[in-house]
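Asks: Below is the file coords06.cif, which contains mmCIF, C-alpha atoms.
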```
data_structure
loop_
_atom_site.label_atom_id
_atom_site.label_comp_id
_atom_site.auth_asym_id
_atom_site.auth_seq_id
_atom_site.Cartn_x
_atom_site.Cartn_y
_atom_site.Cartn_z
CA MET B 1 62.94 25.17 74.66
CA CYS B 2 65.87 25.27 72.27
CA ASN B 3 63.97 27.49 69.82
CA GLU B 4 62.59 29.88 72.45
CA ARG B 5 62.42 33.49 71.33
CA TYR B 6 62.96 36.58 73.44
CA LEU B 7 62.13 40.24 73.11
CA ALA B 8 65.20 42.43 73.61
CA ILE B 9 64.54 46.15 74.11
CA ASP B 10 67.06 48.98 74.33
CA VAL B 11 65.52 52.16 75.77
CA GLY B 12 67.52 55.27 74.92
CA GLY B 13 66.97 58.96 75.45
CA THR B 14 66.29 59.52 71.74
CA ALA B 15 65.06 56.17 70.43
CA ILE B 16 63.87 52.76 71.58
CA LYS B 17 65.32 49.84 69.63
CA TYR B 18 63.96 46.33 69.87
CA LEU B 19 64.20 42.93 68.22
CA LEU B 20 62.93 39.37 68.46
CA THR B 21 65.71 36.83 68.71
CA ASP B 22 66.74 33.49 70.17
CA LYS B 23 69.56 32.51 72.52
CA THR B 24 72.06 32.54 69.64
CA ALA B 25 71.44 36.31 69.23
CA LYS B 26 70.34 35.93 65.62
CA ILE B 27 69.34 39.33 64.24
CA ASN B 28 66.65 39.49 61.57
CA LYS B 29 65.37 43.02 62.00
CA ILE B 30 66.02 45.91 64.37
CA ASN B 31 62.92 48.00 64.97
CA VAL B 32 63.15 51.64 66.08
CA MET B 33 60.66 54.08 67.55
CA LYS B 34 61.11 57.58 68.90
CA THR B 35 61.39 57.85 72.67
CA ASN B 36 58.80 59.82 74.59
CA ARG B 37 60.33 60.48 78.00
CA ASP B 38 57.05 61.22 79.82
CA LYS B 39 56.07 58.61 82.40
CA GLY B 40 52.83 57.43 80.89
CA GLU B 41 54.12 57.57 77.33
CA LEU B 42 57.16 55.43 78.14
CA PHE B 43 54.96 52.60 79.43
CA ASN B 44 52.63 53.04 76.46
CA SER B 45 55.60 52.64 74.12
CA LEU B 46 56.77 49.52 75.94
CA ASP B 47 53.27 48.08 75.72
CA GLU B 48 53.16 48.81 72.00
CA ILE B 49 56.35 46.76 71.63
CA ILE B 50 55.60 43.92 74.05
CA ALA B 51 51.86 43.24 73.74
CA PRO B 52 51.83 41.98 70.12
CA HIS B 53 54.53 39.38 70.92
CA ILE B 54 53.56 38.31 74.43
CA ASN B 55 52.35 34.84 73.40
CA ASP B 56 55.44 34.17 71.29
CA ILE B 57 58.25 34.92 73.73
CA GLY B 58 59.86 33.34 76.76
CA GLY B 59 60.92 36.58 78.37
CA ILE B 60 61.81 40.26 78.10
CA ALA B 61 65.38 41.55 78.13
CA LEU B 62 65.72 45.26 78.80
CA SER B 63 68.61 47.68 78.36
CA PHE B 64 67.94 50.90 80.27
CA PRO B 65 69.89 54.08 81.04
CA GLY B 66 71.08 55.06 84.51
CA LYS B 67 71.93 53.22 87.68
CA ILE B 68 70.27 49.81 87.74
CA ASN B 69 69.97 47.35 90.61
CA VAL B 70 70.23 44.24 88.44
CA GLU B 71 69.20 41.64 91.03
CA LYS B 72 66.06 43.55 92.04
CA GLY B 73 65.35 45.12 88.67
CA ILE B 74 65.10 48.63 90.09
CA ALA B 75 66.00 51.73 88.08
CA ASN B 76 67.52 53.97 90.76
CA THR B 77 68.14 56.68 88.17
CA ALA B 78 67.59 56.75 84.42
CA GLY B 79 69.59 59.45 82.69
CA ALA B 80 67.29 61.51 80.46
CA PHE B 81 64.21 60.15 82.26
CA LYS B 82 64.38 62.66 85.09
CA TRP B 83 61.15 61.47 86.77
CA ILE B 84 62.57 58.02 87.51
CA CYS B 85 63.77 57.40 91.05
CA ASP B 86 63.96 53.85 92.44
CA LEU B 87 61.41 52.59 89.93
CA PRO B 88 60.74 48.80 90.35
CA LEU B 89 60.66 48.27 86.62
CA LYS B 90 61.19 44.51 86.70
CA SER B 91 58.26 43.84 89.03
CA ILE B 92 55.99 46.26 87.15
CA LEU B 93 56.60 44.56 83.81
CA GLU B 94 56.51 41.00 85.21
CA GLU B 95 53.18 41.67 86.89
CA LYS B 96 51.73 43.17 83.71
CA TYR B 97 52.98 40.59 81.21
CA SER B 98 53.54 37.41 83.30
CA LYS B 99 56.94 36.86 81.72
CA PRO B 100 60.41 36.91 83.28
CA VAL B 101 62.11 40.30 82.91
CA TRP B 102 65.75 41.22 83.49
CA ILE B 103 67.19 44.72 83.25
CA GLU B 104 70.74 46.01 82.89
CA ASN B 105 72.29 49.43 82.31
CA ASP B 106 72.60 50.37 78.62
CA GLY B 107 76.36 50.90 78.62
CA LYS B 108 76.94 47.63 80.43
CA CYS B 109 74.68 45.89 77.91
CA GLY B 110 76.84 47.28 75.11
CA ALA B 111 79.95 45.90 76.80
CA LEU B 112 78.31 42.52 77.41
CA ALA B 113 77.25 42.20 73.78
CA GLU B 114 80.68 43.02 72.43
CA PHE B 115 82.43 40.76 74.96
CA TRP B 116 80.01 37.89 74.26
CA LYS B 117 80.21 37.83 70.49
CA GLY B 118 81.68 41.09 69.25
CA SER B 119 84.67 43.40 69.14
CA LEU B 120 85.76 42.75 72.73
CA SER B 121 85.54 38.96 72.53
CA ASP B 122 89.30 38.65 71.96
CA VAL B 123 90.47 40.65 75.01
CA LYS B 124 90.45 40.27 78.79
CA ASN B 125 90.25 44.00 79.42
CA GLY B 126 88.21 46.36 77.29
CA VAL B 127 85.80 49.29 77.32
CA TYR B 128 82.59 49.96 75.43
CA ILE B 129 81.69 53.59 74.67
CA GLY B 130 78.20 54.17 73.32
CA ILE B 131 77.66 57.54 71.67
CA GLY B 132 74.04 58.54 71.90
CA THR B 133 72.10 61.39 73.49
CA GLU B 134 74.89 61.21 76.07
CA ILE B 135 77.75 58.73 76.58
CA ALA B 136 77.03 55.21 77.77
CA GLY B 137 79.85 53.01 78.97
CA GLY B 138 80.72 49.52 80.08
CA ILE B 139 83.93 48.02 81.40
CA ILE B 140 85.28 44.47 81.03
CA LEU B 141 88.10 43.64 83.45
CA GLU B 142 89.78 40.25 83.68
CA GLY B 143 87.12 38.75 81.47
CA LYS B 144 84.14 39.94 83.52
CA LEU B 145 81.76 42.88 83.52
CA TYR B 146 82.89 45.35 86.15
CA ARG B 147 79.87 46.90 87.86
CA GLY B 148 81.69 48.76 90.63
CA SER B 149 81.01 48.89 94.37
CA PHE B 150 77.68 50.70 93.89
CA GLY B 151 76.73 49.56 90.38
CA SER B 152 77.72 52.83 88.69
CA SER B 153 80.89 51.89 86.82
CA GLY B 154 81.06 53.12 83.24
CA GLU B 155 78.99 56.26 83.84
CA PHE B 156 81.34 58.19 81.57
CA SER B 157 78.78 60.94 80.98
CA SER B 158 79.53 62.19 84.49
CA MET B 159 83.21 62.85 83.78
CA LEU B 160 84.08 66.52 84.13
CA GLY B 161 85.15 68.50 81.11
CA CYS B 162 86.16 71.50 83.19
CA ILE B 163 87.64 70.92 86.64
CA LYS B 164 87.51 74.58 87.70
CA ASN B 165 83.73 74.68 88.04
CA PRO B 166 81.83 71.65 89.44
CA ASN B 167 78.53 73.20 88.31
CA ASN B 168 79.59 73.55 84.69
CA GLU B 169 77.72 71.95 81.81
CA GLU B 170 80.89 70.62 80.18
CA ARG B 171 80.52 67.05 81.34
CA PHE B 172 81.55 64.31 78.95
CA GLY B 173 77.96 63.24 78.32
CA LYS B 174 77.02 66.69 77.08
CA ILE B 175 80.10 67.52 75.03
CA GLY B 176 80.48 63.97 73.67
CA GLY B 177 76.84 63.25 72.78
CA HIS B 178 76.14 62.95 69.06
CA LYS B 179 74.17 66.21 69.01
CA ASN B 180 77.36 68.09 69.81
CA LEU B 181 78.77 67.01 66.44
CA ILE B 182 75.94 68.99 64.88
CA GLU B 183 76.77 71.94 67.13
CA TYR B 184 80.39 71.88 65.91
CA TYR B 185 79.14 72.12 62.33
CA GLY B 186 76.40 74.64 63.01
CA SER B 187 72.98 73.43 64.08
CA ASP B 188 71.34 76.17 62.00
CA LYS B 189 72.76 74.55 58.83
CA ILE B 190 71.97 70.84 59.26
CA MET B 191 69.33 68.83 61.09
CA ASN B 192 71.01 65.55 62.09
CA SER B 193 74.08 63.32 61.83
CA TYR B 194 72.87 61.83 58.54
CA ASP B 195 72.96 65.30 56.99
CA PHE B 196 76.36 65.87 58.56
CA PHE B 197 78.03 62.77 57.14
CA GLU B 198 76.55 63.45 53.71
CA LYS B 199 78.31 66.82 53.87
CA TYR B 200 81.47 65.09 55.08
CA GLN B 201 81.44 62.53 52.25
CA ASN B 202 81.07 65.41 49.80
CA CYS B 203 84.34 66.88 51.12
CA ASP B 204 82.72 69.79 52.96
CA VAL B 205 85.64 71.48 54.75
CA THR B 206 83.46 72.68 57.62
CA ALA B 207 82.27 69.11 58.19
CA GLN B 208 85.84 67.81 58.08
CA ASN B 209 86.95 70.32 60.70
CA ALA B 210 83.88 69.66 62.84
CA LEU B 211 84.49 65.90 62.84
CA LYS B 212 88.11 66.40 63.83
CA GLU B 213 87.11 68.68 66.71
CA TYR B 214 84.39 66.31 67.87
CA SER B 215 86.71 63.29 67.61
CA ARG B 216 89.22 65.10 69.82
CA THR B 217 86.52 65.35 72.48
CA ILE B 218 85.90 61.58 72.37
CA ALA B 219 89.64 60.85 72.26
CA ALA B 220 90.24 63.09 75.29
CA GLY B 221 87.66 61.09 77.22
CA ILE B 222 89.39 57.87 76.20
CA VAL B 223 92.74 59.22 77.43
CA ASN B 224 91.21 59.95 80.83
CA ILE B 225 89.69 56.48 81.07
CA GLN B 226 92.81 54.77 79.75
CA SER B 227 95.06 56.52 82.26
CA ILE B 228 93.11 54.70 85.00
CA LEU B 229 92.12 51.36 83.46
CA ASP B 230 94.95 50.62 80.99
CA VAL B 231 92.84 48.27 78.85
CA GLU B 232 93.64 46.63 75.52
CA LYS B 233 90.77 47.87 73.41
CA TYR B 234 87.89 50.35 73.17
CA CYS B 235 84.91 49.69 70.96
CA ILE B 236 82.72 52.58 69.88
CA GLY B 237 78.96 52.10 69.56
CA GLY B 238 75.88 54.15 68.82
CA GLY B 239 74.40 55.16 65.50
CA ILE B 240 77.26 57.36 64.31
CA SER B 241 79.85 54.67 65.06
CA ALA B 242 78.91 53.06 61.74
CA GLN B 243 80.88 55.85 60.07
CA ASP B 244 84.48 54.73 59.42
CA ALA B 245 85.53 58.38 59.29
CA LEU B 246 84.58 58.82 62.95
CA ILE B 247 86.64 55.81 64.06
CA ASP B 248 89.62 56.94 61.96
CA ASN B 249 89.49 60.46 63.39
CA ILE B 250 89.28 59.18 66.96
CA ARG B 251 92.37 57.02 66.35
CA GLU B 252 94.27 59.98 64.92
CA SER B 253 93.29 62.27 67.80
CA LEU B 254 94.20 59.61 70.34
CA GLN B 255 97.71 59.38 68.89
CA GLU B 256 98.03 63.15 69.20
CA PHE B 257 96.96 63.11 72.85
CA ILE B 258 98.91 60.13 74.15
CA THR B 259 102.60 60.81 74.64
CA VAL B 260 105.29 58.79 76.36
CA LYS B 261 107.66 60.71 78.59
CA SER B 262 110.25 59.79 81.17
CA GLY B 263 108.38 58.43 84.19
CA GLU B 264 104.97 58.73 82.45
CA ALA B 265 103.39 56.29 80.01
CA ILE B 266 99.86 55.71 78.78
CA ASN B 267 99.58 52.74 76.47
CA VAL B 268 97.77 53.30 73.19
CA PRO B 269 94.75 50.98 73.03
CA ALA B 270 93.10 49.59 69.93
CA ILE B 271 90.02 51.50 68.76
CA GLU B 272 87.32 49.62 66.84
CA LYS B 273 83.69 50.09 65.98
CA CYS B 274 81.20 47.78 67.66
CA SER B 275 80.34 44.57 65.86
CA PHE B 276 76.66 44.92 66.74
CA GLY B 277 76.33 48.64 66.04
CA ASN B 278 72.86 49.88 66.99
CA ALA B 279 71.89 46.40 68.18
CA ALA B 280 74.54 46.20 70.92
CA GLY B 281 72.16 47.27 73.70
CA CYS B 282 69.57 44.68 72.68
CA ILE B 283 72.12 41.86 72.34
CA GLY B 284 73.74 42.72 75.68
CA ALA B 285 70.33 42.80 77.35
CA LEU B 286 69.65 39.35 75.90
CA PHE B 287 72.96 38.02 77.22
CA ASN B 288 72.18 39.42 80.68
CA PHE B 289 68.73 37.79 80.54
CA LEU B 290 70.13 34.41 79.53
CA VAL B 291 72.74 34.52 82.30
CA MET B 292 70.25 35.61 84.99
CA GLU B 293 67.79 32.92 83.90
CA LYS B 294 70.67 30.38 83.89
CA ILE B 295 69.94 29.48 80.26
CA ILE B 296 73.60 29.88 79.35
#
```
Could I get this file's structure written as structure tokens?

Replies:
Amino acid sequence: MCNERYLAIDVGGTAIKYLLTDKTAKINKINVMKTNRDKGELFNSLDEIIAPHINDIGGIALSFPGKINVEKGIANTAGAFKWICDLPLKSILEEKYSKPVWIENDGKCGALAEFWKGSLSDVKNGVYIGIGTEIAGGIILEGKLYRGSFGSSGEFSSMLGCIKNPNNEERFGKIGGHKNLIEYYGSDKIMNSYDFFEKYQNCDVTAQNALKEYSRTIAAGIVNIQSILDVEKYCIGGGISAQDALIDNIRESLQEFITVKSGEAINVPAIEKCSFGNAAGCIGALFNFLVMEKII
């Protein structure tokens, strides 16, 4: 049906976002609930979202963290959900709700959304970076989503921040997650990123310095990715990406990092915020669903 509606759900380590939409990706309202990472509670939360709409939708589109077997709908790993190992999520949900379900990795969903109708729609080669509990990522190469040989492309959280110690905690996901911005400021002084940016807008010097330091961390990650992929544009997603100050600081830090020397050149890519913001995971999950169901 041309007016069929779908339920698009983006499961994150901190929050679950969901919306009802049609195949044009029209956004009326983004709903948010806190994530409970326990096994039973996760399925209870999904049921709370899905059950009230089950008679009004043509399918369920899911964005999920970790390594996802898209064809089989299996979550091999799931980031912050440590109990998940080769979970047949697609078959579980299809059996329970009798609706088609398609699942894709959260970072790849972000990239798909932005390439479909957002900030990456004007490039052949681009990267999505989603700043959340950790760092989600998705790569568009030659106009297509690049999944990699084993389906794990874009797992930027795994990048090492310290090459001397493979057991260190300084991986990009930990040092680049939004909670680290609070750590730079002083977690004993503020509670969340909303408090932080209120301080920043009020010209708090500590907040200004913290944002610069945090932005350098994100920019350093971009330099590492760019030195390999050489893409045209990066779009930054996640809740804090709505802040223009963050995007501006990342651009400034990137310029500081990237130098051109004899025999060595890293091209400076464009840096933009995501068009879909917090809805990118949901919209990308919808696009994946529509493609897998051969609707578009």

Asks: What do you get, as a list in words, if you spell out every residue that the PyMOL selection byres ((chain B and resi 194) around 12) selects here?

Replies: His178, Lys179, Leu181, Ile182, Ile190, Met191, Asn192, Ser193, Asp195, Phe196, Phe197, Glu198, Lys199, Tyr200, Gln201, Ala207, Gly239, Ile240, Ser241, Ala242 and Gln243 of chain B

Asks: When you look at range 220-234 of chain B with a cut-off of 8 Å (counting all atoms listed in the file), what residues show up, excluding the ones that are within fewer than 6 positions of it in the same chain? I need them as a PyMOL selection string.

Replies: chain B and resi 120+123-129+172+254+257-258+266-267+269-272

Asks: Keeping C-alpha atoms for every residue in the selection just given, could you write it to a file as a PDB file, in the frame of the given file?

Replies:
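And here's out.pdb as it stands now:
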```pdb
ATOM      1  CA  LEU B 120      85.760  42.750  72.730  1.00  0.00           C
ATOM      2  CA  VAL B 123      90.470  40.650  75.010  1.00  0.00           C
ATOM      3  CA  LYS B 124      90.450  40.270  78.790  1.00  0.00           C
ATOM      4  CA  ASN B 125      90.250  44.000  79.420  1.00  0.00           C
ATOM      5  CA  GLY B 126      88.210  46.360  77.290  1.00  0.00           C
ATOM      6  CA  VAL B 127      85.800  49.290  77.320  1.00  0.00           C
ATOM      7  CA  TYR B 128      82.590  49.960  75.430  1.00  0.00           C
ATOM      8  CA  ILE B 129      81.690  53.590  74.670  1.00  0.00           C
ATOM      9  CA  PHE B 172      81.550  64.310  78.950  1.00  0.00           C
ATOM     10  CA  LEU B 254      94.200  59.610  70.340  1.00  0.00           C
ATOM     11  CA  PHE B 257      96.960  63.110  72.850  1.00  0.00           C
ATOM     12  CA  ILE B 258      98.910  60.130  74.150  1.00  0.00           C
ATOM     13  CA  ILE B 266      99.860  55.710  78.780  1.00  0.00           C
ATOM     14  CA  ASN B 267      99.580  52.740  76.470  1.00  0.00           C
ATOM     15  CA  PRO B 269      94.750  50.980  73.030  1.00  0.00           C
ATOM     16  CA  ALA B 270      93.100  49.590  69.930  1.00  0.00           C
ATOM     17  CA  ILE B 271      90.020  51.500  68.760  1.00  0.00           C
ATOM     18  CA  GLU B 272      87.320  49.620  66.840  1.00  0.00           C
TER      19      GLU B 272
END
```

Asks: Just say which residues the PyMOL selection byres ((chain B and resi 209-212) around 7) picks in this file, as a list of chain:residue names.

Replies: B:Leu181, B:Tyr184, B:Tyr185, B:Val205, B:Thr206, B:Ala207, B:Gln208, B:Glu213, B:Tyr214, B:Ser215, B:Arg216, B:Asn249

Asks: Just how far from CA of Gly284 in chain B is CA of Gly176 in chain B, in Å to one decimal?

Replies: 22.4 Å

Asks: Between CA of Ser152 in chain B and CA of Ala80 in chain B, what distance in Å does the model show, to one decimal?

Replies: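 These atoms are spaced 15.9 Å apart.
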
Asks: Ranking B:Ala285, B:Ile236, B:Ala75, B:Ile60 by minimum distance to Lys108 in chain B and counting all atoms listed in the file, which one comes first?

Replies: B:Ala285

Asks: Taking into account all atoms listed in the file, which residue in the set B:Ile218, B:Leu46, B:Ile140, B:Ile74 is nearest to Ser119 in chain B?

Replies: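 Counting all atoms listed in the file, the residue closest to Ser119 in chain B is B:Ile140.
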
Asks: Determine the residue set returned by the PyMOL selection byres ((chain B and resi 102) around 7) for the present structure, and present it as a VMD selection string.

Replies: chain B and resid 60 to 62 73 90 100 to 101 103 to 104 289

Asks: Choose the residue, out of B:Ser187, B:Asn202, B:Ser275, B:Thr217, that has the smallest atom-to-atom separation from Glu170 in chain B; count all atoms listed in the file.

Replies: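 For Glu170 in chain B, the nearest of the candidates is B:Thr217.
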
Asks: Nearest to Ile49 in chain B: which of B:Lys96, B:Phe81, B:Lys17, B:Asp122 is it, counting all atoms listed in the file?

Replies: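 Closest candidate: B:Lys17.
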
Asks: What is the distance, in Å and to one decimal place, between CA of Asp106 in chain B and CA of Pro65 in chain B?

Replies: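 Computing the Euclidean distance for CA of Asp106 in chain B and CA of Pro65 in chain B yields 5.2 Å.
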
Asks: Applying 9 Å and all atoms listed in the file, which residues near Gly177 in chain B remain after dropping the ones on its own chain fewer than 4 positions away? List them as a list of chain:residue names.

Replies: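 Close residues of Gly177 in chain B: B:Ile131, B:Gly132, B:Thr133, B:Glu134, B:Ile135, B:Ser157, B:Phe172, B:Gly173, B:Leu181.
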
Asks: Take every atom of range 75-80 of chain B listed in the file, fit an axis-aligned box around them, add 4 Å per side, and give the centre and edge lengths in Å to one decimal as JSON.

Replies:
```
{"center_x": 67.8, "center_y": 56.6, "center_z": 85.6, "size_x": 11.6, "size_y": 17.8, "size_z": 18.3}
```

Asks: Given only C-alpha atoms as the basis, pick out the residue of B:Val11, B:Ile175, B:Gly66, B:Val268 nearest to Phe43 in chain B.

Replies: B:Val11

Asks: Pick the closest to Asn288 in chain B from B:Ile54, B:Ile250, B:Ala113, B:Cys203: which is it, counting all atoms listed in the file?

Replies: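 The shortest atom-to-atom distance to Asn288 in chain B comes from B:Ala113.
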